[in-house]
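Text of protein-v8.csv (CSV, C-alpha atoms) as supplied:
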```csv
chain,number,residue,atom,x,y,z
A,9,ALA,CA,111.5,117.6,16.3
A,10,HIS,CA,109.9,114.2,15.9
A,11,ALA,CA,109.2,113.2,19.5
A,12,GLY,CA,106.1,111.0,19.8
A,13,GLU,CA,106.4,109.7,16.2
A,14,LEU,CA,107.2,106.3,14.7
A,15,LYS,CA,110.0,106.4,12.1
A,16,PHE,CA,110.3,104.4,8.9
A,17,TYR,CA,112.9,105.0,6.3
A,18,GLY,CA,114.3,103.5,3.0
A,19,VAL,CA,115.6,104.2,-0.5
A,20,ALA,CA,113.6,104.8,-3.7
A,21,THR,CA,115.3,105.2,-7.1
A,22,ASP,CA,114.2,105.8,-10.6
A,23,ALA,CA,116.7,105.5,-13.6
A,24,GLY,CA,114.6,107.8,-15.8
A,25,THR,CA,113.2,111.1,-14.5
A,26,GLY,CA,114.0,110.4,-10.8
A,27,VAL,CA,111.8,110.1,-7.8
A,28,SER,CA,109.5,113.1,-7.1
A,29,LEU,CA,107.4,112.0,-4.2
A,30,VAL,CA,107.1,109.2,-1.6
A,31,THR,CA,103.9,108.7,0.4
A,32,TYR,CA,102.8,106.3,3.1
A,33,THR,CA,99.5,104.7,4.0
A,34,ILE,CA,98.9,102.5,7.0
A,35,TYR,CA,96.1,99.9,7.1
A,36,ASN,CA,94.7,97.8,9.9
A,37,ASN,CA,96.1,94.4,9.3
A,38,GLY,CA,92.9,92.7,10.4
A,39,ASN,CA,90.2,94.4,8.4
A,40,ASN,CA,92.4,96.4,5.9
A,41,SER,CA,90.7,99.7,6.9
A,42,LYS,CA,92.8,102.8,6.4
A,43,VAL,CA,94.3,104.2,9.7
A,44,CYS,CA,96.4,107.1,8.5
A,45,GLU,CA,98.4,108.5,5.6
A,46,GLY,CA,100.9,111.1,4.7
A,47,THR,CA,104.0,112.2,2.7
A,48,ALA,CA,107.5,111.1,3.5
A,49,GLU,CA,110.4,113.4,3.6
A,50,LEU,CA,112.6,112.9,0.5
A,51,ASP,CA,116.3,113.6,0.0
A,52,THR,CA,116.9,112.7,-3.6
A,53,THR,CA,116.5,108.9,-3.1
A,54,ASN,CA,116.4,108.6,0.7
A,55,TRP,CA,113.0,108.8,2.2
A,56,THR,CA,111.8,109.0,5.9
A,57,ALA,CA,108.3,108.7,7.1
A,58,TYR,CA,107.4,110.0,10.6
A,59,ILE,CA,104.1,108.5,11.8
A,60,PRO,CA,102.3,110.5,14.6
A,61,LEU,CA,101.3,108.3,17.5
A,62,SER,CA,98.5,110.6,18.8
A,63,GLY,CA,95.9,113.0,17.5
A,64,THR,CA,94.1,112.9,14.1
A,65,ASN,CA,95.5,111.0,11.2
A,66,SER,CA,97.8,109.0,13.6
A,67,LEU,CA,98.7,105.6,14.8
A,68,ASN,CA,97.1,105.9,18.3
A,69,SER,CA,96.1,102.4,19.1
A,70,ASP,CA,98.0,99.1,19.7
A,71,GLY,CA,97.6,96.4,17.1
A,72,SER,CA,98.9,94.8,13.9
A,73,TYR,CA,99.3,97.1,10.9
A,74,LYS,CA,100.3,97.1,7.2
A,75,LEU,CA,102.5,99.9,5.9
A,76,VAL,CA,102.3,100.7,2.2
A,77,ILE,CA,105.0,103.0,0.7
A,78,THR,CA,104.4,104.5,-2.7
A,79,ALA,CA,107.1,106.2,-4.8
A,80,TYR,CA,106.3,108.5,-7.7
A,81,ASP,CA,108.6,109.6,-10.6
A,82,TYR,CA,108.2,112.9,-12.5
A,83,LEU,CA,105.9,111.2,-15.0
A,84,ASN,CA,103.6,110.1,-12.2
A,85,THR,CA,104.5,106.5,-12.6
A,86,THR,CA,104.3,104.6,-9.2
A,87,SER,CA,105.8,101.7,-7.5
A,88,THR,CA,104.8,100.3,-4.1
A,89,THR,CA,106.2,98.2,-1.3
A,90,GLU,CA,104.7,97.1,2.0
A,91,LEU,CA,105.5,95.6,5.3
A,92,THR,CA,103.6,94.5,8.4
A,93,PHE,CA,104.4,95.6,11.9
A,94,SER,CA,102.8,95.8,15.4
A,95,LYS,CA,102.5,98.6,17.8
A,96,ASP,CA,102.5,97.5,21.5
A,97,THR,CA,102.6,99.8,24.4
A,98,THR,CA,100.7,97.5,26.8
A,99,LYS,CA,102.6,95.9,29.8
A,100,PRO,CA,102.5,92.1,29.9
A,101,SER,CA,100.8,90.3,32.8
A,102,ILE,CA,102.4,88.1,35.4
A,103,ALA,CA,100.8,85.9,38.1
A,104,GLY,CA,101.3,82.7,40.1
A,105,PHE,CA,104.6,83.6,41.7
A,106,ALA,CA,105.4,80.7,44.1
A,107,VAL,CA,108.1,78.8,45.8
A,108,THR,CA,107.8,75.1,44.7
A,109,THR,CA,110.4,73.7,47.1
A,110,ALA,CA,108.7,71.8,49.8
A,111,ALA,CA,108.9,73.5,53.2
A,112,PRO,CA,110.2,71.5,56.2
A,113,THR,CA,107.5,69.9,58.3
A,114,GLY,CA,106.1,72.4,60.8
A,115,ALA,CA,107.9,75.4,59.3
A,116,GLU,CA,106.2,78.7,58.9
A,117,ASP,CA,105.5,80.1,55.5
A,118,ASP,CA,108.5,81.1,53.4
A,119,PHE,CA,111.0,79.6,55.9
A,120,TYR,CA,113.4,77.0,54.6
A,121,LYS,CA,116.5,75.0,55.8
A,122,SER,CA,118.2,74.7,52.4
A,123,ALA,CA,119.6,77.6,50.5
A,124,SER,CA,118.6,76.0,47.1
A,125,ILE,CA,115.1,77.1,46.3
A,126,ASN,CA,112.9,76.5,43.2
A,127,ILE,CA,110.5,79.2,42.1
A,128,GLU,CA,107.9,79.6,39.3
A,129,ALA,CA,105.7,82.3,37.8
A,130,TYR,CA,103.4,82.6,34.8
A,131,GLY,CA,103.3,85.4,32.2
A,132,LYS,CA,101.3,86.4,29.1
A,133,ASP,CA,101.0,89.2,26.5
A,134,SER,CA,98.3,89.5,24.0
A,135,GLU,CA,100.0,92.0,21.7
A,136,SER,CA,103.7,91.4,20.7
A,137,GLY,CA,103.9,88.2,22.8
A,138,LEU,CA,105.8,87.2,25.9
A,139,ALA,CA,109.6,87.4,25.7
A,140,GLY,CA,110.5,86.2,29.1
A,141,ILE,CA,110.1,86.4,32.9
A,142,LEU,CA,112.9,87.9,35.0
A,143,TYR,CA,113.7,87.4,38.7
A,144,ASP,CA,115.5,90.0,40.8
A,145,LEU,CA,117.7,89.0,43.7
A,146,GLY,CA,120.0,92.1,43.7
A,147,GLY,CA,120.1,92.0,39.9
A,148,GLU,CA,117.7,90.9,37.2
A,149,MET,CA,118.2,87.5,35.6
A,150,ALA,CA,116.1,85.4,33.2
A,151,MET,CA,114.0,82.5,34.4
A,152,ASN,CA,113.7,79.3,32.2
A,153,LEU,CA,110.6,80.0,30.0
A,154,ALA,CA,108.5,77.0,28.8
A,155,SER,CA,108.3,76.5,25.0
A,156,ALA,CA,104.5,76.6,25.0
A,157,ASP,CA,101.5,78.0,26.9
A,158,GLU,CA,99.7,76.0,29.6
A,159,THR,CA,96.7,74.1,28.1
A,160,SER,CA,94.7,73.5,31.2
A,161,GLY,CA,94.3,74.4,34.9
A,162,THR,CA,94.3,77.9,36.5
A,163,TYR,CA,96.9,79.3,34.2
A,164,ALA,CA,95.7,77.9,30.8
A,165,GLY,CA,96.9,80.3,28.1
A,166,TRP,CA,99.8,81.5,30.3
A,167,ARG,CA,103.5,80.7,29.8
A,168,LYS,CA,105.3,79.1,32.8
A,169,ALA,CA,108.8,80.0,33.9
A,170,THR,CA,110.9,78.2,36.5
A,171,LYS,CA,114.3,78.7,38.1
A,172,SER,CA,116.4,77.2,40.8
A,173,ILE,CA,118.1,79.9,42.9
A,174,ILE,CA,120.6,79.9,45.7
A,175,LEU,CA,119.8,82.2,48.7
A,176,VAL,CA,121.9,83.3,51.6
A,177,GLU,CA,121.3,82.7,55.3
A,178,GLY,CA,118.6,85.0,56.6
A,179,ALA,CA,115.9,87.0,54.8
A,180,ASN,CA,116.1,87.2,51.0
A,181,THR,CA,113.8,89.5,48.9
A,182,VAL,CA,112.9,87.9,45.5
A,183,LYS,CA,110.9,89.7,42.9
A,184,VAL,CA,109.6,88.7,39.4
A,185,LYS,CA,108.4,90.5,36.4
A,186,ALA,CA,107.3,89.8,32.8
A,187,GLN,CA,108.8,91.3,29.6
A,188,ASP,CA,107.2,91.3,26.2
A,189,LYS,CA,108.8,91.3,22.7
A,190,ALA,CA,108.3,95.1,22.4
A,191,GLY,CA,110.3,95.7,25.6
A,192,ASN,CA,107.3,96.5,27.9
A,193,VAL,CA,107.7,95.2,31.4
A,194,SER,CA,105.2,94.5,34.2
A,195,ASP,CA,105.5,96.3,37.5
A,196,TYR,CA,106.8,94.8,40.8
A,197,THR,CA,103.9,94.4,43.2
A,198,PRO,CA,103.3,92.7,46.6
A,199,GLU,CA,102.0,89.7,44.6
A,200,THR,CA,105.3,89.4,42.7
A,201,THR,CA,107.5,89.9,45.7
A,202,LYS,CA,108.5,87.4,48.3
A,203,VAL,CA,110.7,87.5,51.4
A,204,ILE,CA,112.2,84.0,51.7
A,205,THR,CA,114.1,83.2,54.9
A,206,ILE,CA,116.9,80.6,55.0
A,207,ASP,CA,117.7,79.2,58.4
A,208,SER,CA,120.1,76.3,58.4
A,209,THR,CA,121.3,76.9,62.0
A,210,LEU,CA,120.0,74.7,64.8
A,211,PRO,CA,118.8,76.3,68.0
A,212,GLU,CA,121.1,75.7,71.0
A,213,PHE,CA,120.8,75.3,74.7
A,214,GLY,CA,123.7,76.0,77.2
A,215,THR,CA,125.5,78.9,75.5
A,216,THR,CA,126.8,81.6,77.7
A,217,ASN,CA,124.3,84.2,76.4
A,218,THR,CA,121.4,81.8,76.8
A,219,ARG,CA,122.3,81.0,80.4
A,220,LYS,CA,122.4,84.8,81.2
A,221,ILE,CA,118.9,85.2,79.7
A,222,VAL,CA,117.6,82.2,81.7
A,223,VAL,CA,119.0,83.7,84.9
A,224,LYS,CA,117.3,87.0,84.2
A,225,THR,CA,113.9,85.8,83.0
A,226,LYS,CA,113.5,82.8,85.3
A,227,PRO,CA,111.4,80.6,82.9
A,228,VAL,CA,108.9,78.2,84.4
A,229,TRP,CA,107.9,76.0,81.4
A,230,VAL,CA,109.9,74.0,78.9
A,231,ASP,CA,108.2,76.0,76.2
A,232,ASP,CA,109.8,79.2,77.7
A,233,LEU,CA,113.2,77.6,77.5
A,234,ILE,CA,112.8,76.7,73.9
A,235,ARG,CA,111.7,80.2,73.0
A,236,ILE,CA,114.6,81.7,74.9
A,237,SER,CA,117.0,79.4,73.1
A,238,GLY,CA,115.6,80.4,69.7
A,239,LEU,CA,115.7,84.1,70.4
A,240,SER,CA,119.3,83.9,71.6
A,241,HIS,CA,120.5,81.7,68.7
A,242,GLY,CA,118.8,81.0,65.4
A,243,THR,CA,115.8,82.2,63.4
A,244,GLY,CA,112.1,81.8,63.8
A,245,VAL,CA,111.9,79.5,66.9
```

The structure in this file should be written as structure tokens.
Amino acid sequence: AHAGELKFYGVATDAGTGVSLVTYTIYNNGNNSKVCEGTAELDTTNWTAYIPLSGTNSLNSDGSYKLVITAYDYLNTTSTTELTFSKDTTKPSIAGFAVTTAAPTGAEDDFYKSASINIEAYGKDSESGLAGILYDLGGEMAMNLASADETSGTYAGWRKATKSIILVEGANTVKVKAQDKAGNVSDYTPETTKVITIDSTLPEFGTTNTRKIVVKTKPVWVDDLIRISGLSHGTGV
């Protein structure tokens, strides 16, 4: 019955005539302009205010707000209380996903010998604030978030997160995303996804399988032998 509405609730009491009415008014916390107002549902002393999030007289924009609750007794005497809150439906931003472990000399992009790999990414959120950055390697886990934003460079104003992860032999798909304090999360995209290949196995000459391939292909150059060895044993030769 109250889908698409923001709910606030509390208790209002009056030792004399009792509480007759509870109203709410929401103001913009920046310029104090009125955004919307209405009457709360009242059950003796328990009140509940349902704030529409779309349409007229509603809270339809993200931002920081002040809620003022006014209680009336049967003599029309009033008492007020207020609180501040934020509405945030905007996804946080993420950028700069990179592997910071140095690749072996001559290796192709995203190929590494060691299974221990360091990654980093940057996130920011202009509404409720950045809560964290997660990485997904078959299950989402938190990265180590810096305590302050970057103050210079490409990602000035962004918050950096780092993590040392252990990968398995072969291709590993690693994804990252940002999460804000309101629970909004960024989407996985090609820019936030990497396929990192671990190859700790040395290429070999002289195995039975390799000799069979050599007999069939009749290589002429040493380069051909190297490629045959790599294709028959190992990754990315």

As an exercise, work out the distance from CA of Ser172 (chain A) to CA of Gly146 (chain A) in Å and give it to one decimal place.
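Interatomic distance, CA of Ser172 (chain A) to CA of Gly146 (chain A): 15.6 Å.
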
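Here CA of Ala186 (chain A) is placed at a distance of 8.4 Å from CA of Tyr130 (chain A).
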
One number please: CA of Thr209 (chain A) to CA of Thr225 (chain A), in Å, one decimal.
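Distance between the two atoms: 24.0 Å.
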
With a distance cut-off of 9 Å and all atoms listed in the file, select the neighbouring residues of Asp133 (chain A), excluding the residue or stretch itself and same-chain residues fewer than 5 positions from it, and output the selection as a list in words.
Thr98, Lys99, Pro100, Ser101, Leu138, Ala139, Trp166, Ala186, Gln187, Asp188 and Lys189 of chain A

Counting all atoms listed in the file, which residue out of A:Val19, A:Ile102, A:Leu67, A:Ile174 sits closest to Ile125 (chain A)?
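The closest residue to Ile125 (chain A) is A:Ile174.
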
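Between Trp55 (chain A) and the residues A:Lys224, A:Lys183, A:Lys74, A:Lys15, the shortest atom-to-atom distance, using only C-alpha atoms, involves A:Lys15.
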
Got a sec: who's within 12 Å of Thr108 (chain A), counting all atoms listed in the file, leaving out chain neighbours fewer than 3 positions off, as a PyMOL selection string?
chain A and resi 104-105+111+118+120+124-129+169-173

Using only C-alpha atoms: which of A:Thr78, A:Tyr163, A:Thr109, A:Ala190 has the shortest distance to Phe93 (chain A)
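Looking at the shortest contact to Phe93 (chain A), the residue is A:Ala190.
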
Proximity to Leu75 (chain A) - best of A:Glu49, A:Tyr35, A:Ala110, A:Leu61, all atoms listed in the file
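Between A:Glu49, A:Tyr35, A:Ala110, A:Leu61, the residue approaching Leu75 (chain A) most closely is A:Tyr35.
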
Could you model N, CA, C and O atoms for region 190-215 of chain A and present them as a PDB file, keeping the file's coordinate frame?
```
ATOM      1  N   ALA A 190     108.124  93.662  22.710  1.00  0.00           N
ATOM      2  CA  ALA A 190     108.300  95.100  22.400  1.00  0.00           C
ATOM      3  C   ALA A 190     109.101  95.809  23.431  1.00  0.00           C
ATOM      4  O   ALA A 190     109.373  97.001  23.286  1.00  0.00           O
ATOM      5  N   GLY A 191     109.479  95.111  24.509  1.00  0.00           N
ATOM      6  CA  GLY A 191     110.300  95.700  25.600  1.00  0.00           C
ATOM      7  C   GLY A 191     109.487  96.249  26.736  1.00  0.00           C
ATOM      8  O   GLY A 191     110.065  96.791  27.689  1.00  0.00           O
ATOM      9  N   ASN A 192     108.156  96.112  26.707  1.00  0.00           N
ATOM     10  CA  ASN A 192     107.300  96.500  27.900  1.00  0.00           C
ATOM     11  C   ASN A 192     107.550  95.526  29.000  1.00  0.00           C
ATOM     12  O   ASN A 192     107.694  94.322  28.774  1.00  0.00           O
ATOM     13  N   VAL A 193     107.557  96.030  30.233  1.00  0.00           N
ATOM     14  CA  VAL A 193     107.700  95.200  31.400  1.00  0.00           C
ATOM     15  C   VAL A 193     106.626  95.426  32.408  1.00  0.00           C
ATOM     16  O   VAL A 193     106.113  96.532  32.525  1.00  0.00           O
ATOM     17  N   SER A 194     106.241  94.387  33.142  1.00  0.00           N
ATOM     18  CA  SER A 194     105.200  94.500  34.200  1.00  0.00           C
ATOM     19  C   SER A 194     105.869  95.184  35.412  1.00  0.00           C
ATOM     20  O   SER A 194     107.093  95.240  35.551  1.00  0.00           O
ATOM     21  N   ASP A 195     105.027  95.671  36.303  1.00  0.00           N
ATOM     22  CA  ASP A 195     105.500  96.300  37.500  1.00  0.00           C
ATOM     23  C   ASP A 195     105.721  95.306  38.636  1.00  0.00           C
ATOM     24  O   ASP A 195     105.058  94.262  38.685  1.00  0.00           O
ATOM     25  N   TYR A 196     106.649  95.627  39.539  1.00  0.00           N
ATOM     26  CA  TYR A 196     106.800  94.800  40.800  1.00  0.00           C
ATOM     27  C   TYR A 196     105.626  95.210  41.693  1.00  0.00           C
ATOM     28  O   TYR A 196     105.311  96.382  41.881  1.00  0.00           O
ATOM     29  N   THR A 197     104.990  94.206  42.264  1.00  0.00           N
ATOM     30  CA  THR A 197     103.900  94.400  43.200  1.00  0.00           C
ATOM     31  C   THR A 197     104.048  93.500  44.384  1.00  0.00           C
ATOM     32  O   THR A 197     104.927  92.624  44.386  1.00  0.00           O
ATOM     33  N   PRO A 198     103.229  93.671  45.432  1.00  0.00           N
ATOM     34  CA  PRO A 198     103.300  92.700  46.600  1.00  0.00           C
ATOM     35  C   PRO A 198     103.097  91.283  46.145  1.00  0.00           C
ATOM     36  O   PRO A 198     103.675  90.369  46.738  1.00  0.00           O
ATOM     37  N   GLU A 199     102.270  91.049  45.112  1.00  0.00           N
ATOM     38  CA  GLU A 199     102.000  89.700  44.600  1.00  0.00           C
ATOM     39  C   GLU A 199     103.189  89.097  43.900  1.00  0.00           C
ATOM     40  O   GLU A 199     103.287  87.879  43.756  1.00  0.00           O
ATOM     41  N   THR A 200     104.098  89.942  43.405  1.00  0.00           N
ATOM     42  CA  THR A 200     105.300  89.400  42.700  1.00  0.00           C
ATOM     43  C   THR A 200     106.550  89.582  43.496  1.00  0.00           C
ATOM     44  O   THR A 200     107.644  89.530  42.945  1.00  0.00           O
ATOM     45  N   THR A 201     106.398  89.767  44.794  1.00  0.00           N
ATOM     46  CA  THR A 201     107.500  89.900  45.700  1.00  0.00           C
ATOM     47  C   THR A 201     107.393  88.970  46.872  1.00  0.00           C
ATOM     48  O   THR A 201     106.324  88.881  47.472  1.00  0.00           O
ATOM     49  N   LYS A 202     108.446  88.255  47.193  1.00  0.00           N
ATOM     50  CA  LYS A 202     108.500  87.400  48.300  1.00  0.00           C
ATOM     51  C   LYS A 202     109.707  87.583  49.184  1.00  0.00           C
ATOM     52  O   LYS A 202     110.786  87.837  48.643  1.00  0.00           O
ATOM     53  N   VAL A 203     109.556  87.483  50.502  1.00  0.00           N
ATOM     54  CA  VAL A 203     110.700  87.500  51.400  1.00  0.00           C
ATOM     55  C   VAL A 203     110.862  86.026  51.876  1.00  0.00           C
ATOM     56  O   VAL A 203     110.016  85.502  52.603  1.00  0.00           O
ATOM     57  N   ILE A 204     111.930  85.403  51.426  1.00  0.00           N
ATOM     58  CA  ILE A 204     112.200  84.000  51.700  1.00  0.00           C
ATOM     59  C   ILE A 204     113.345  83.917  52.716  1.00  0.00           C
ATOM     60  O   ILE A 204     114.432  84.461  52.458  1.00  0.00           O
ATOM     61  N   THR A 205     113.111  83.262  53.840  1.00  0.00           N
ATOM     62  CA  THR A 205     114.100  83.200  54.900  1.00  0.00           C
ATOM     63  C   THR A 205     114.769  81.814  54.926  1.00  0.00           C
ATOM     64  O   THR A 205     114.081  80.795  54.973  1.00  0.00           O
ATOM     65  N   ILE A 206     116.098  81.818  54.879  1.00  0.00           N
ATOM     66  CA  ILE A 206     116.900  80.600  55.000  1.00  0.00           C
ATOM     67  C   ILE A 206     117.458  80.501  56.400  1.00  0.00           C
ATOM     68  O   ILE A 206     118.146  81.418  56.858  1.00  0.00           O
ATOM     69  N   ASP A 207     117.171  79.406  57.089  1.00  0.00           N
ATOM     70  CA  ASP A 207     117.700  79.200  58.400  1.00  0.00           C
ATOM     71  C   ASP A 207     118.211  77.760  58.536  1.00  0.00           C
ATOM     72  O   ASP A 207     117.456  76.820  58.758  1.00  0.00           O
ATOM     73  N   SER A 208     119.509  77.628  58.337  1.00  0.00           N
ATOM     74  CA  SER A 208     120.100  76.300  58.400  1.00  0.00           C
ATOM     75  C   SER A 208     120.791  76.046  59.760  1.00  0.00           C
ATOM     76  O   SER A 208     121.441  75.020  59.953  1.00  0.00           O
ATOM     77  N   THR A 209     120.640  76.991  60.704  1.00  0.00           N
ATOM     78  CA  THR A 209     121.300  76.900  62.000  1.00  0.00           C
ATOM     79  C   THR A 209     120.356  76.283  63.031  1.00  0.00           C
ATOM     80  O   THR A 209     119.213  76.727  63.184  1.00  0.00           O
ATOM     81  N   LEU A 210     120.820  75.288  63.744  1.00  0.00           N
ATOM     82  CA  LEU A 210     120.000  74.700  64.800  1.00  0.00           C
ATOM     83  C   LEU A 210     119.966  75.539  66.030  1.00  0.00           C
ATOM     84  O   LEU A 210     120.961  76.178  66.383  1.00  0.00           O
ATOM     85  N   PRO A 211     118.813  75.587  66.727  1.00  0.00           N
ATOM     86  CA  PRO A 211     118.800  76.300  68.000  1.00  0.00           C
ATOM     87  C   PRO A 211     119.660  75.558  69.025  1.00  0.00           C
ATOM     88  O   PRO A 211     119.882  74.359  68.911  1.00  0.00           O
ATOM     89  N   GLU A 212     120.184  76.292  70.010  1.00  0.00           N
ATOM     90  CA  GLU A 212     121.100  75.700  71.000  1.00  0.00           C
ATOM     91  C   GLU A 212     120.659  76.018  72.419  1.00  0.00           C
ATOM     92  O   GLU A 212     120.089  77.064  72.687  1.00  0.00           O
ATOM     93  N   PHE A 213     120.958  75.086  73.307  1.00  0.00           N
ATOM     94  CA  PHE A 213     120.800  75.300  74.700  1.00  0.00           C
ATOM     95  C   PHE A 213     122.245  75.385  75.321  1.00  0.00           C
ATOM     96  O   PHE A 213     123.192  74.793  74.792  1.00  0.00           O
ATOM     97  N   GLY A 214     122.415  76.065  76.426  1.00  0.00           N
ATOM     98  CA  GLY A 214     123.700  76.000  77.200  1.00  0.00           C
ATOM     99  C   GLY A 214     124.721  76.976  76.786  1.00  0.00           C
ATOM    100  O   GLY A 214     125.809  76.946  77.370  1.00  0.00           O
ATOM    101  N   THR A 215     124.501  77.868  75.800  1.00  0.00           N
ATOM    102  CA  THR A 215     125.500  78.900  75.500  1.00  0.00           C
ATOM    103  C   THR A 215     125.538  79.917  76.600  1.00  0.00           C
ATOM    104  O   THR A 215     124.587  80.074  77.378  1.00  0.00           O
TER     105      THR A 215
END
```
